[in-house]
$ cat query26.cif   # mmCIF, C-alpha atoms and all ligand atoms
data_upload
loop_
_atom_site.group_PDB
_atom_site.id
_atom_site.type_symbol
_atom_site.label_atom_id
_atom_site.label_comp_id
_atom_site.auth_asym_id
_atom_site.auth_seq_id
_atom_site.Cartn_x
_atom_site.Cartn_y
_atom_site.Cartn_z
ATOM 1 C CA MET A 99 -19.549 -17.602 39.611
ATOM 2 C CA SER A 100 -19.042 -17.431 35.818
ATOM 3 C CA PRO A 101 -17.102 -14.409 34.488
ATOM 4 C CA ARG A 102 -19.186 -11.381 33.697
ATOM 5 C CA ARG A 103 -18.982 -9.733 30.301
ATOM 6 C CA LEU A 104 -18.166 -6.054 30.792
ATOM 7 C CA GLY A 105 -18.330 -3.437 28.047
ATOM 8 C CA VAL A 106 -16.034 -0.432 28.391
ATOM 9 C CA MET A 107 -17.018 2.741 26.534
ATOM 10 C CA GLY A 108 -14.204 5.287 26.759
ATOM 11 C CA GLY A 109 -14.676 8.845 25.619
ATOM 12 C CA THR A 110 -14.103 12.502 26.259
ATOM 13 C CA PHE A 111 -17.895 12.898 26.477
ATOM 14 C CA ASP A 112 -17.758 16.691 26.076
ATOM 15 C CA PRO A 113 -20.739 16.348 26.088
ATOM 16 C CA VAL A 114 -22.046 12.777 26.034
ATOM 17 C CA HIS A 115 -24.706 12.447 23.288
ATOM 18 C CA HIS A 116 -27.191 9.954 21.875
ATOM 19 C CA GLY A 117 -24.610 8.587 19.401
ATOM 20 C CA HIS A 118 -22.585 7.273 22.375
ATOM 21 C CA LEU A 119 -25.671 5.894 24.135
ATOM 22 C CA VAL A 120 -27.139 4.117 21.097
ATOM 23 C CA ALA A 121 -23.761 2.530 20.277
ATOM 24 C CA ALA A 122 -23.295 1.269 23.853
ATOM 25 C CA SER A 123 -26.849 -0.042 24.060
ATOM 26 C CA GLU A 124 -26.636 -1.883 20.744
ATOM 27 C CA VAL A 125 -23.303 -3.527 21.621
ATOM 28 C CA GLN A 126 -24.650 -4.473 25.070
ATOM 29 C CA HIS A 127 -27.563 -6.239 23.405
ATOM 30 C CA ARG A 128 -25.614 -7.947 20.595
ATOM 31 C CA PHE A 129 -22.797 -9.225 22.837
ATOM 32 C CA GLY A 130 -25.001 -10.068 25.842
ATOM 33 C CA LEU A 131 -22.937 -7.771 28.073
ATOM 34 C CA ASP A 132 -23.798 -7.758 31.775
ATOM 35 C CA GLU A 133 -22.796 -4.096 32.117
ATOM 36 C CA VAL A 134 -21.381 -1.249 30.052
ATOM 37 C CA ILE A 135 -18.988 0.985 31.975
ATOM 38 C CA PHE A 136 -18.612 4.494 30.554
ATOM 39 C CA VAL A 137 -15.143 5.877 31.268
ATOM 40 C CA PRO A 138 -14.737 9.642 30.791
ATOM 41 C CA THR A 139 -11.110 10.523 30.004
ATOM 42 C CA GLY A 140 -8.753 12.589 32.104
ATOM 43 C CA GLN A 141 -6.855 14.685 29.543
ATOM 44 C CA PRO A 142 -7.322 13.166 26.071
ATOM 45 C CA TRP A 143 -3.804 13.547 24.632
ATOM 46 C CA GLN A 144 -4.959 13.404 21.010
ATOM 47 C CA LYS A 145 -7.233 16.416 21.613
ATOM 48 C CA VAL A 146 -4.485 18.841 22.608
ATOM 49 C CA GLY A 147 -4.932 22.240 21.074
ATOM 50 C CA ARG A 148 -8.490 22.509 22.235
ATOM 51 C CA ASP A 149 -9.871 23.238 25.671
ATOM 52 C CA VAL A 150 -11.623 20.211 27.046
ATOM 53 C CA SER A 151 -14.263 20.910 29.717
ATOM 54 C CA GLN A 152 -13.455 20.125 33.341
ATOM 55 C CA ALA A 153 -13.389 16.433 34.103
ATOM 56 C CA GLU A 154 -16.059 16.790 36.822
ATOM 57 C CA ASP A 155 -18.510 18.362 34.356
ATOM 58 C CA ARG A 156 -17.931 15.591 31.799
ATOM 59 C CA TYR A 157 -18.206 12.963 34.532
ATOM 60 C CA LEU A 158 -21.487 14.372 35.879
ATOM 61 C CA MET A 159 -23.025 14.669 32.397
ATOM 62 C CA THR A 160 -22.121 11.019 31.792
ATOM 63 C CA VAL A 161 -23.725 9.993 35.096
ATOM 64 C CA ILE A 162 -26.882 11.955 34.264
ATOM 65 C CA ALA A 163 -27.071 10.415 30.771
ATOM 66 C CA THR A 164 -26.645 6.822 31.927
ATOM 67 C CA ALA A 165 -28.474 6.877 35.285
ATOM 68 C CA SER A 166 -31.774 5.470 34.038
ATOM 69 C CA ASN A 167 -30.238 2.408 32.332
ATOM 70 C CA PRO A 168 -29.771 -0.457 34.829
ATOM 71 C CA VAL A 169 -26.838 -1.954 32.868
ATOM 72 C CA PHE A 170 -24.940 1.302 32.338
ATOM 73 C CA SER A 171 -22.476 2.655 34.889
ATOM 74 C CA VAL A 172 -19.680 5.241 34.987
ATOM 75 C CA SER A 173 -16.109 4.778 36.205
ATOM 76 C CA ARG A 174 -13.776 7.491 37.475
ATOM 77 C CA VAL A 175 -10.552 5.513 36.836
ATOM 78 C CA ASP A 176 -9.202 7.803 34.136
ATOM 79 C CA ILE A 177 -10.254 11.001 35.907
ATOM 80 C CA ASP A 178 -8.847 9.935 39.276
ATOM 81 C CA ARG A 179 -5.534 8.701 37.794
ATOM 82 C CA GLY A 180 -5.069 12.264 36.505
ATOM 83 C CA GLY A 181 -2.897 13.450 33.654
ATOM 84 C CA GLN A 182 -3.162 12.267 30.096
ATOM 85 C CA THR A 183 -5.358 9.266 29.446
ATOM 86 C CA TYR A 184 -4.105 6.142 27.706
ATOM 87 C CA THR A 185 -6.491 3.249 27.174
ATOM 88 C CA VAL A 186 -3.789 0.779 28.153
ATOM 89 C CA ASP A 187 -3.926 2.274 31.688
ATOM 90 C CA THR A 188 -7.729 2.237 31.679
ATOM 91 C CA LEU A 189 -7.784 -1.447 30.808
ATOM 92 C CA ARG A 190 -4.992 -2.368 33.251
ATOM 93 C CA ASP A 191 -6.914 -0.633 36.062
ATOM 94 C CA LEU A 192 -10.222 -2.259 35.143
ATOM 95 C CA ARG A 193 -8.522 -5.658 34.846
ATOM 96 C CA THR A 194 -7.213 -5.202 38.425
ATOM 97 C CA GLN A 195 -10.658 -4.144 39.597
ATOM 98 C CA TYR A 196 -12.447 -7.010 37.801
ATOM 99 C CA PRO A 197 -9.841 -9.807 37.608
ATOM 100 C CA ASP A 198 -12.329 -12.557 36.724
ATOM 101 C CA ASP A 199 -14.375 -10.728 34.111
ATOM 102 C CA GLU A 200 -14.113 -10.419 30.327
ATOM 103 C CA LEU A 201 -13.582 -6.887 28.973
ATOM 104 C CA PHE A 202 -14.942 -5.565 25.669
ATOM 105 C CA PHE A 203 -13.704 -2.099 24.657
ATOM 106 C CA ILE A 204 -16.177 -0.224 22.429
ATOM 107 C CA THR A 205 -14.975 2.388 19.904
ATOM 108 C CA GLY A 206 -16.476 4.258 17.002
ATOM 109 C CA ALA A 207 -15.093 3.824 13.478
ATOM 110 C CA ASP A 208 -13.061 7.068 13.742
ATOM 111 C CA ALA A 209 -11.293 5.962 16.926
ATOM 112 C CA LEU A 210 -10.734 2.425 15.600
ATOM 113 C CA GLU A 211 -8.984 3.874 12.557
ATOM 114 C CA GLN A 212 -6.401 5.517 14.864
ATOM 115 C CA ILE A 213 -5.933 2.680 17.318
ATOM 116 C CA LEU A 214 -2.454 1.637 16.188
ATOM 117 C CA THR A 215 -1.241 5.149 17.133
ATOM 118 C CA TRP A 216 -2.394 4.615 20.720
ATOM 119 C CA ARG A 217 0.169 3.978 23.471
ATOM 120 C CA ASP A 218 1.208 0.306 23.798
ATOM 121 C CA ALA A 219 -1.155 -0.675 21.001
ATOM 122 C CA ASP A 220 -0.004 -4.321 21.032
ATOM 123 C CA GLU A 221 -0.780 -4.767 24.697
ATOM 124 C CA LEU A 222 -4.282 -3.335 24.250
ATOM 125 C CA PHE A 223 -5.401 -6.430 22.374
ATOM 126 C CA THR A 224 -4.257 -8.702 25.215
ATOM 127 C CA LEU A 225 -6.340 -6.804 27.767
ATOM 128 C CA ALA A 226 -9.711 -6.676 26.011
ATOM 129 C CA HIS A 227 -11.637 -7.676 22.943
ATOM 130 C CA PHE A 228 -12.288 -4.592 20.794
ATOM 131 C CA ILE A 229 -15.654 -3.786 19.238
ATOM 132 C CA GLY A 230 -15.741 -1.191 16.467
ATOM 133 C CA VAL A 231 -19.092 0.407 15.692
ATOM 134 C CA THR A 232 -20.226 2.245 12.580
ATOM 135 C CA ARG A 233 -20.349 6.027 12.648
ATOM 136 C CA PRO A 234 -21.712 8.282 9.877
ATOM 137 C CA GLY A 235 -18.868 9.847 7.883
ATOM 138 C CA TYR A 236 -16.301 7.135 8.671
ATOM 139 C CA ARG A 237 -15.515 3.771 7.138
ATOM 140 C CA LEU A 238 -15.488 0.870 9.595
ATOM 141 C CA ASP A 239 -12.523 -1.310 8.733
ATOM 142 C CA GLY A 240 -10.501 -3.699 10.879
ATOM 143 C CA HIS A 241 -8.100 -5.119 8.297
ATOM 144 C CA HIS A 242 -5.079 -3.383 9.910
ATOM 145 C CA LEU A 243 -5.852 -4.904 13.299
ATOM 146 C CA PRO A 244 -4.897 -8.291 14.801
ATOM 147 C CA GLU A 245 -7.111 -11.126 13.639
ATOM 148 C CA GLY A 246 -9.693 -12.410 16.103
ATOM 149 C CA LYS A 247 -9.212 -9.460 18.474
ATOM 150 C CA VAL A 248 -11.733 -7.059 16.948
ATOM 151 C CA SER A 249 -15.419 -7.351 16.049
ATOM 152 C CA LEU A 250 -17.252 -4.882 13.834
ATOM 153 C CA VAL A 251 -20.861 -3.985 14.530
ATOM 154 C CA GLU A 252 -23.342 -1.914 12.588
ATOM 155 C CA VAL A 253 -25.362 0.384 14.851
ATOM 156 C CA THR A 254 -28.233 2.725 14.027
ATOM 157 C CA ALA A 255 -26.673 5.749 12.328
ATOM 158 C CA MET A 256 -26.627 8.787 14.593
ATOM 159 C CA ALA A 257 -24.931 11.705 12.851
ATOM 160 C CA ILE A 258 -24.164 13.440 16.139
ATOM 161 C CA SER A 259 -20.793 14.604 17.462
ATOM 162 C CA SER A 260 -19.774 16.387 20.638
ATOM 163 C CA THR A 261 -18.125 19.054 18.445
ATOM 164 C CA GLY A 262 -21.458 19.635 16.683
ATOM 165 C CA CYS A 263 -23.260 19.899 20.033
ATOM 166 C CA ARG A 264 -20.715 22.392 21.408
ATOM 167 C CA ASP A 265 -20.962 24.488 18.219
ATOM 168 C CA ARG A 266 -24.739 24.547 18.456
ATOM 169 C CA VAL A 267 -24.712 25.708 22.085
ATOM 170 C CA ARG A 268 -22.221 28.467 21.258
ATOM 171 C CA GLU A 269 -24.433 29.616 18.362
ATOM 172 C CA GLY A 270 -27.584 29.545 20.514
ATOM 173 C CA ALA A 271 -29.101 26.574 18.648
ATOM 174 C CA PRO A 272 -30.900 23.827 20.597
ATOM 175 C CA VAL A 273 -29.298 20.506 21.504
ATOM 176 C CA TRP A 274 -32.576 18.986 22.671
ATOM 177 C CA TYR A 275 -32.863 15.371 21.420
ATOM 178 C CA LEU A 276 -29.180 15.269 20.441
ATOM 179 C CA VAL A 277 -28.227 14.790 24.089
ATOM 180 C CA PRO A 278 -30.407 13.507 26.975
ATOM 181 C CA ASP A 279 -32.738 16.100 28.556
ATOM 182 C CA GLY A 280 -30.775 16.155 31.818
ATOM 183 C CA VAL A 281 -27.597 16.925 29.883
ATOM 184 C CA VAL A 282 -29.310 19.855 28.093
ATOM 185 C CA ARG A 283 -30.226 21.244 31.503
ATOM 186 C CA TYR A 284 -26.760 20.607 32.973
ATOM 187 C CA ILE A 285 -25.049 22.423 30.051
ATOM 188 C CA SER A 286 -27.322 25.393 30.595
ATOM 189 C CA LYS A 287 -26.988 25.385 34.402
ATOM 190 C CA ARG A 288 -23.173 25.362 34.183
ATOM 191 C CA GLY A 289 -22.992 27.718 31.195
ATOM 192 C CA LEU A 290 -20.863 25.249 29.214
ATOM 193 C CA TYR A 291 -19.776 25.778 25.581
ATOM 194 C CA LEU A 292 -20.742 29.457 25.403
ATOM 195 C CA ARG A 293 -17.268 30.457 24.235
ATOM 196 C CA ASP A 294 -15.109 29.084 21.426
ATOM 197 C CA SER A 295 -12.912 26.369 22.940
ATOM 198 C CA GLY A 296 -10.361 26.405 20.097
HETATM 199 N N1 LIG B 301 -22.366 9.321 16.591
HETATM 200 C C1 LIG B 301 -21.564 8.307 16.957
HETATM 201 N N2 LIG B 301 -21.787 7.049 16.500
HETATM 202 C C2 LIG B 301 -20.953 6.025 16.864
HETATM 203 N N3 LIG B 301 -19.876 6.164 17.697
HETATM 204 C C3 LIG B 301 -19.620 7.379 18.177
HETATM 205 C C4 LIG B 301 -20.438 8.514 17.845
HETATM 206 N N4 LIG B 301 -19.943 9.609 18.462
HETATM 207 C C5 LIG B 301 -18.853 9.193 19.141
HETATM 208 N N5 LIG B 301 -18.654 7.877 18.983
HETATM 209 C C6 LIG B 301 -17.569 7.079 19.589
HETATM 210 O O1 LIG B 301 -17.639 7.255 20.995
HETATM 211 C C7 LIG B 301 -16.331 7.325 21.579
HETATM 212 C C8 LIG B 301 -16.153 8.611 22.365
HETATM 213 O O2 LIG B 301 -16.303 9.683 21.469
HETATM 214 P P1 LIG B 301 -16.046 11.219 21.880
HETATM 215 O O3 LIG B 301 -16.372 11.418 23.318
HETATM 216 O O4 LIG B 301 -14.719 11.639 21.398
HETATM 217 O O5 LIG B 301 -17.224 11.920 21.026
HETATM 218 P P2 LIG B 301 -17.114 12.735 19.673
HETATM 219 O O6 LIG B 301 -18.508 13.062 19.284
HETATM 220 O O7 LIG B 301 -16.258 11.998 18.685
HETATM 221 O O8 LIG B 301 -16.346 14.048 20.198
HETATM 222 P P3 LIG B 301 -15.653 15.281 19.435
HETATM 223 O O9 LIG B 301 -16.610 15.782 18.381
HETATM 224 O O10 LIG B 301 -15.413 16.267 20.545
HETATM 225 O O11 LIG B 301 -14.365 14.746 18.830
HETATM 226 C C9 LIG B 301 -15.361 7.179 20.398
HETATM 227 O O12 LIG B 301 -14.990 5.813 20.284
HETATM 228 C C10 LIG B 301 -16.191 7.611 19.200
HETATM 229 O O13 LIG B 301 -15.733 7.009 18.016
HETATM 230 O O1 LIG B 302 -4.459 5.127 24.524
HETATM 231 C C1 LIG B 302 -4.302 6.032 23.696
HETATM 232 O O2 LIG B 302 -3.179 6.375 23.299
HETATM 233 C C2 LIG B 302 -5.551 6.725 23.168
HETATM 234 C C3 LIG B 302 -5.491 7.729 22.197
HETATM 235 C C4 LIG B 302 -6.672 8.324 21.767
HETATM 236 C C5 LIG B 302 -7.892 7.928 22.293
HETATM 237 N N1 LIG B 302 -7.906 6.943 23.239
HETATM 238 C C6 LIG B 302 -9.191 6.527 23.874
HETATM 239 O O3 LIG B 302 -10.225 6.393 22.925
HETATM 240 C C7 LIG B 302 -11.464 6.739 23.530
HETATM 241 C C8 LIG B 302 -12.142 7.798 22.659
HETATM 242 O O4 LIG B 302 -11.305 8.923 22.658
HETATM 243 P P1 LIG B 302 -11.762 10.340 22.116
HETATM 244 O O5 LIG B 302 -10.502 11.168 22.186
HETATM 245 O O6 LIG B 302 -12.254 10.087 20.714
HETATM 246 O O7 LIG B 302 -12.827 10.820 23.034
HETATM 247 C C9 LIG B 302 -11.123 7.234 24.938
HETATM 248 O O8 LIG B 302 -11.336 6.183 25.839
HETATM 249 C C10 LIG B 302 -9.673 7.588 24.834
HETATM 250 O O9 LIG B 302 -8.953 7.463 26.071
HETATM 251 C C11 LIG B 302 -6.781 6.353 23.670
#

$ encode --input "query26.cif" --output "structure tokens"
Amino acid sequence: MSPRRLGVMGGTFDPVHHGHLVAASEVQHRFGLDEVIFVPTGQPWQKVGRDVSQAEDRYLMTVIATASNPVFSVSRVDIDRGGQTYTVDTLRDLRTQYPDDELFFITGADALEQILTWRDADELFTLAHFIGVTRPGYRLDGHHLPEGKVSLVEVTAMAISSTGCRDRVREGAPVWYLVPDGVVRYISKRGLYLRDSG
């Protein structure tokens, strides 16, 4: 069997929104990926200082958001490993799980900018090919990154952030059409984002 091409979309997903979904879908199409695996983080160490919602809530919202797409799936590797999440561990675990497949790690322009500050940054580029996608408000630039290891892709601009969605819920403003309908209902059912998370 020829190797499958697997996209990996890591994120805090607090909550998952249409910016994440459009980026993953566009990269899946452009790179002919067989599957895109969404990987909600355990504790995102670069987001200390703010309360991140419980991992199970972020996991379930990601499942709800991706359920209807036959080539999207969700992995619990980072949540089940526990503790702070480092992408090098995510990719090592997925490499063990899918030893014969090619991995493509998808990041927005803001995350790509920071990538050399990530743990074991050099090893990251041996474990996967990186795909940086455009994001409104950030410049997509790969000149600081190893040649041939990163591709840059323009995706439909979605000026949506999880921070913006949380702020809107706290202020009583709607998040309909910023996040999938099922996620709107899940946020309301669980009473998420009603208080300032810092
Ligand atoms: N609107 C968007 N367009 C393109 N990429 C995005 C967009 N929003 C997030 N991403 C990318 O998706 C990944 C996961 O993002 P994350 O879950 O941190 O969402 P976020 O909206 O940036 O959250 P927060 O506002 O809480 O920082 C990151 O690589 C990020 O760059
Ligand atoms: O490995 C690291 O050191 C590292 C530091 C910051 C972010 N990341 C990963 O980048 C992805 C997006 O992170 P975030 O914090 O923007 O949601 C997610 O998969 C994180 O685990 C990884």

$ resolve_selection --input "query26.cif" --expression "the PyMOL selection byres (((not hetatm)) within 10 of (chain B and resi 301))" --output "ChimeraX atom specification"
/A:107-122,136-139,142,144-145,148,150,156,203-212,229-236,252-265,276

$ resolve_selection --input "query26.cif" --expression "the PyMOL selection byres (((chain A and resi 267) around 12) and not hetatm)" --output "list in words"
Pro113, Ser260, Thr261, Gly262, Cys263, Arg264, Asp265, Arg266, Arg268, Glu269, Gly270, Ala271, Pro272, Val273, Trp274, Leu276, Val277, Val282, Arg283, Ile285, Ser286, Gly289, Leu290, Tyr291, Leu292, Arg293, Asp294 and Ser295 of chain A

$ closest_residue --input "query26.cif" --among "A:Asp279, A:Asp187, A:Asp199, A:Glu124" --to "ligand LIG 302 (chain B)" --atoms "all atoms listed in the file"
A:Asp187

$ closest_residue --input "query26.cif" --among "A:Gly147, A:Gly140, A:Gly130, A:Pro101" --to "ligand LIG 302 (chain B)" --atoms "only C-alpha atoms and all ligand atoms"
A:Gly140

$ axis_aligned_box --input "query26.cif" --around "ligand LIG 302 (chain B)" --padding-each-side "5 Å" --output "JSON"
{"center_x": -8.0, "center_y": 8.1, "center_z": 23.4, "size_x": 19.6, "size_y": 16.0, "size_z": 15.4}

$ closest_residue --input "query26.cif" --among "A:Gly280, A:Gly181, A:Gly240, A:Pro168" --to "ligand LIG 302 (chain B)" --atoms "all atoms listed in the file"
A:Gly181

$ closest_residue --input "query26.cif" --among "A:Ala153, A:Ile135, A:Arg288, A:Asp220" --to "Gln182 of chain A" --atoms "all atoms listed in the file"
A:Ala153

$ closest_residue --input "query26.cif" --among "A:His127, A:Arg193, A:Arg179, A:Arg217" --to "ligand LIG 302 (chain B)" --atoms "only C-alpha atoms and all ligand atoms"
A:Arg217

$ residues_around --input "query26.cif" --residues "Arg190 of chain A" --least-positions-apart "5" --cutoff "9 Å" --atoms "all atoms listed in the file" --output "ChimeraX atom specification"
/A:185,195,225

$ closest_residue --input "query26.cif" --among "A:Phe202, A:Trp143, A:Tyr196, A:Phe223" --to "ligand LIG 302 (chain B)" --atoms "only C-alpha atoms and all ligand atoms"
A:Trp143

$ residues_around --input "query26.cif" --residues "Leu131 of chain A" --least-positions-apart "5" --cutoff "7 Å" --atoms "only C-alpha atoms" --output "ChimeraX atom specification"
/A:103-105,126

$ atom_distance --input "query26.cif" --atom1 "atom CA of Val186 of chain A" --atom2 "atom O1 of ligand LIG 302 (chain B)"
5.7 Å

$ atom_distance --input "query26.cif" --atom1 "atom CA of Phe228 of chain A" --atom2 "atom CA of Val248 of chain A"
4.6 Å

$ atom_distance --input "query26.cif" --atom1 "atom CA of Ile213 of chain A" --atom2 "atom C2 of ligand LIG 302 (chain B)"
7.1 Å

$ residues_around --input "query26.cif" --residues "Tyr157 of chain A" --least-positions-apart "2" --cutoff "8 Å" --atoms "all atoms listed in the file" --output "ChimeraX atom specification"
/A:138,153-155,159-161,172,174

$ build_atoms --input "query26.cif" --residues "segment 151-163 of chain A" --atoms "N, CA and C atoms" --output "mmCIF file, in the frame of the given file"
data_model
loop_
_atom_site.group_PDB
_atom_site.id
_atom_site.type_symbol
_atom_site.label_atom_id
_atom_site.label_comp_id
_atom_site.auth_asym_id
_atom_site.auth_seq_id
_atom_site.Cartn_x
_atom_site.Cartn_y
_atom_site.Cartn_z
ATOM 1 N N SER A 151 -13.579 20.479 28.485
ATOM 2 C CA SER A 151 -14.263 20.910 29.717
ATOM 3 C C SER A 151 -13.703 20.167 30.919
ATOM 4 N N GLN A 152 -13.942 20.740 32.105
ATOM 5 C CA GLN A 152 -13.455 20.125 33.341
ATOM 6 C C GLN A 152 -13.938 18.690 33.452
ATOM 7 N N ALA A 153 -13.064 17.857 33.982
ATOM 8 C CA ALA A 153 -13.389 16.433 34.103
ATOM 9 C C ALA A 153 -14.669 16.222 34.909
ATOM 10 N N GLU A 154 -14.863 17.005 35.977
ATOM 11 C CA GLU A 154 -16.059 16.790 36.822
ATOM 12 C C GLU A 154 -17.340 17.083 36.047
ATOM 13 N N ASP A 155 -17.311 18.079 35.167
ATOM 14 C CA ASP A 155 -18.510 18.362 34.356
ATOM 15 C C ASP A 155 -18.783 17.208 33.399
ATOM 16 N N ARG A 156 -17.735 16.691 32.766
ATOM 17 C CA ARG A 156 -17.931 15.591 31.799
ATOM 18 C C ARG A 156 -18.371 14.329 32.528
ATOM 19 N N TYR A 157 -17.813 14.124 33.721
ATOM 20 C CA TYR A 157 -18.206 12.963 34.532
ATOM 21 C C TYR A 157 -19.696 13.067 34.921
ATOM 22 N N LEU A 158 -20.092 14.237 35.417
ATOM 23 C CA LEU A 158 -21.487 14.372 35.879
ATOM 24 C C LEU A 158 -22.475 14.257 34.724
ATOM 25 N N MET A 159 -22.119 14.816 33.554
ATOM 26 C CA MET A 159 -23.025 14.669 32.397
ATOM 27 C C MET A 159 -23.168 13.195 32.024
ATOM 28 N N THR A 160 -22.074 12.448 32.145
ATOM 29 C CA THR A 160 -22.121 11.019 31.792
ATOM 30 C C THR A 160 -22.974 10.261 32.804
ATOM 31 N N VAL A 161 -22.879 10.634 34.070
ATOM 32 C CA VAL A 161 -23.725 9.993 35.096
ATOM 33 C C VAL A 161 -25.200 10.302 34.822
ATOM 34 N N ILE A 162 -25.487 11.560 34.530
ATOM 35 C CA ILE A 162 -26.882 11.955 34.264
ATOM 36 C C ILE A 162 -27.430 11.163 33.069
ATOM 37 N N ALA A 163 -26.616 11.046 32.018
ATOM 38 C CA ALA A 163 -27.071 10.415 30.771
ATOM 39 C C ALA A 163 -27.309 8.917 30.919
#
